[in-house]
Amino acid sequence: MKFDDSIDEKQPFKRLLVFQVKLAVDALRDIILSPVSLICTVLDSIQKNRGKNSYFEKLMVFGRQTERRINLFEQHQVEDSKEKNVSIDSILSRVESVILREYKDKHISKKTLGAIENAIKNGKKE
């Protein structure tokens, strides 16, 4: 979900929502990795692990991978490939596609359909 300037201007709230989801995921990751890093360091000290085989270094590799997947500040090129590494952008893009398809096919409840149509009407007024 790489945004260009025209999307930025037309859909600022969508971009904000995506950013908030990414912030939440990033924060959750940080909260989890903080105690895990302490455990890794203690285990490395006890087992005298050093270099690439240390638990801490493996944690750092994992952290860099998740950084690319979260892509909080859109600094990484989002590729539309079918590789194993799923990004938050690709997940949100798929969710958006499903919602739009269900909306177009009217496979959603009348209440949800009304809420979406109301949101579209209000969004066009901006």
# chains A, B, ... in the order shown; residues from 1 in each chain; ligands from 1
$ residues_around --residues "Ser54 in chain A" --least-positions-apart "5" --cutoff "12 Å" --atoms "only C-alpha atoms" --output "short mmCIF file (atom, residue, chain, number, x, y, z; two decimals) with C-alpha atoms, in the first residue's frame"
data_model
loop_
_atom_site.label_atom_id
_atom_site.label_comp_id
_atom_site.auth_asym_id
_atom_site.auth_seq_id
_atom_site.Cartn_x
_atom_site.Cartn_y
_atom_site.Cartn_z
CA SER A 37 15.96 -9.03 24.66
CA ILE A 39 16.22 -12.97 28.39
CA CYS A 40 18.34 -13.39 25.25
CA THR A 41 21.20 -11.42 26.80
CA VAL A 42 21.09 -13.45 30.02
CA LEU A 43 21.02 -16.74 28.10
CA ASP A 44 23.88 -15.60 25.86
CA SER A 45 25.92 -14.69 28.95
CA ILE A 46 25.24 -18.03 30.65
CA GLN A 47 25.86 -20.10 27.51
CA LYS A 48 28.70 -17.82 26.32
CA ASN A 49 27.04 -17.33 22.93
CA LEU A 59 16.53 -11.22 17.91
CA MET A 60 18.07 -8.25 16.09
CA VAL A 61 17.62 -10.01 12.73
#
$ closest_atom_pairs --of "range 83-126 of chain A" --to "range 69-74 of chain A" --cutoff "9 Å" --atoms "only C-alpha atoms" --output "CSV"
residue,atom,partner,partner_atom,distance
A:Asn85,CA,A:Arg69,CA,7.2
A:Val86,CA,A:Arg69,CA,6.5
A:Ser87,CA,A:Arg69,CA,4.1
A:Ile88,CA,A:Ile70,CA,5.4
A:Asp89,CA,A:Ile70,CA,7.5
$ select_by_dssp --residues "chain A" --states "alpha helix (DSSP H)" --output "number ranges by chain"
A: 5-10, 12-47, 55-70, 88-105, 110-124
$ residues_around --residues "range 93-100 of chain A" --least-positions-apart "4" --cutoff "10 Å" --atoms "only C-alpha atoms" --output "number ranges by chain"
A: 1-2, 18, 87-89, 104-108, 116
$ write_last_selection --atoms "N, CA and C atoms" --output "PDB file, in the first residue's frame"
ATOM      1  N   MET A   1       0.844  -1.160   0.000  1.00  0.00           N
ATOM      2  CA  MET A   1       0.000   0.000   0.000  1.00  0.00           C
ATOM      3  C   MET A   1       0.895   1.229   0.000  1.00  0.00           C
ATOM      4  N   LYS A   2       1.605   1.426  -1.061  1.00  0.00           N
ATOM      5  CA  LYS A   2       2.501   2.570  -1.193  1.00  0.00           C
ATOM      6  C   LYS A   2       1.668   3.742  -1.662  1.00  0.00           C
ATOM      7  N   VAL A  18      -4.228   3.763   8.537  1.00  0.00           N
ATOM      8  CA  VAL A  18      -3.149   2.796   8.277  1.00  0.00           C
ATOM      9  C   VAL A  18      -1.965   3.079   9.196  1.00  0.00           C
ATOM     10  N   SER A  87       3.546  -8.081   4.586  1.00  0.00           N
ATOM     11  CA  SER A  87       3.653  -6.789   5.256  1.00  0.00           C
ATOM     12  C   SER A  87       2.281  -6.338   5.742  1.00  0.00           C
ATOM     13  N   ILE A  88       2.283  -5.401   6.645  1.00  0.00           N
ATOM     14  CA  ILE A  88       1.029  -4.819   7.129  1.00  0.00           C
ATOM     15  C   ILE A  88       0.309  -4.150   5.965  1.00  0.00           C
ATOM     16  N   ASP A  89       1.078  -3.515   5.083  1.00  0.00           N
ATOM     17  CA  ASP A  89       0.476  -2.870   3.918  1.00  0.00           C
ATOM     18  C   ASP A  89      -0.295  -3.873   3.062  1.00  0.00           C
ATOM     19  N   LYS A 104     -19.672  -3.901  -3.046  1.00  0.00           N
ATOM     20  CA  LYS A 104     -20.169  -3.852  -4.420  1.00  0.00           C
ATOM     21  C   LYS A 104     -21.153  -4.971  -4.709  1.00  0.00           C
ATOM     22  N   ASP A 105     -20.883  -6.155  -4.155  1.00  0.00           N
ATOM     23  CA  ASP A 105     -21.765  -7.304  -4.372  1.00  0.00           C
ATOM     24  C   ASP A 105     -22.954  -7.307  -3.415  1.00  0.00           C
ATOM     25  N   LYS A 106     -22.978  -6.351  -2.489  1.00  0.00           N
ATOM     26  CA  LYS A 106     -24.046  -6.217  -1.483  1.00  0.00           C
ATOM     27  C   LYS A 106     -24.203  -7.484  -0.645  1.00  0.00           C
ATOM     28  N   HIS A 107     -23.062  -8.078  -0.285  1.00  0.00           N
ATOM     29  CA  HIS A 107     -23.050  -9.260   0.579  1.00  0.00           C
ATOM     30  C   HIS A 107     -22.804  -8.887   2.035  1.00  0.00           C
ATOM     31  N   ILE A 108     -23.325  -7.758   2.421  1.00  0.00           N
ATOM     32  CA  ILE A 108     -23.168  -7.310   3.797  1.00  0.00           C
ATOM     33  C   ILE A 108     -24.540  -6.929   4.339  1.00  0.00           C
ATOM     34  N   ILE A 116     -21.708   2.362   5.451  1.00  0.00           N
ATOM     35  CA  ILE A 116     -20.700   2.612   4.421  1.00  0.00           C
ATOM     36  C   ILE A 116     -21.169   3.710   3.476  1.00  0.00           C
TER      37      ILE A 116
END
$ closest_residue --among "A:Glu102, A:Lys52, A:Arg64, A:Leu92" --to "Arg15 in chain A" --atoms "only C-alpha atoms"
A:Leu92
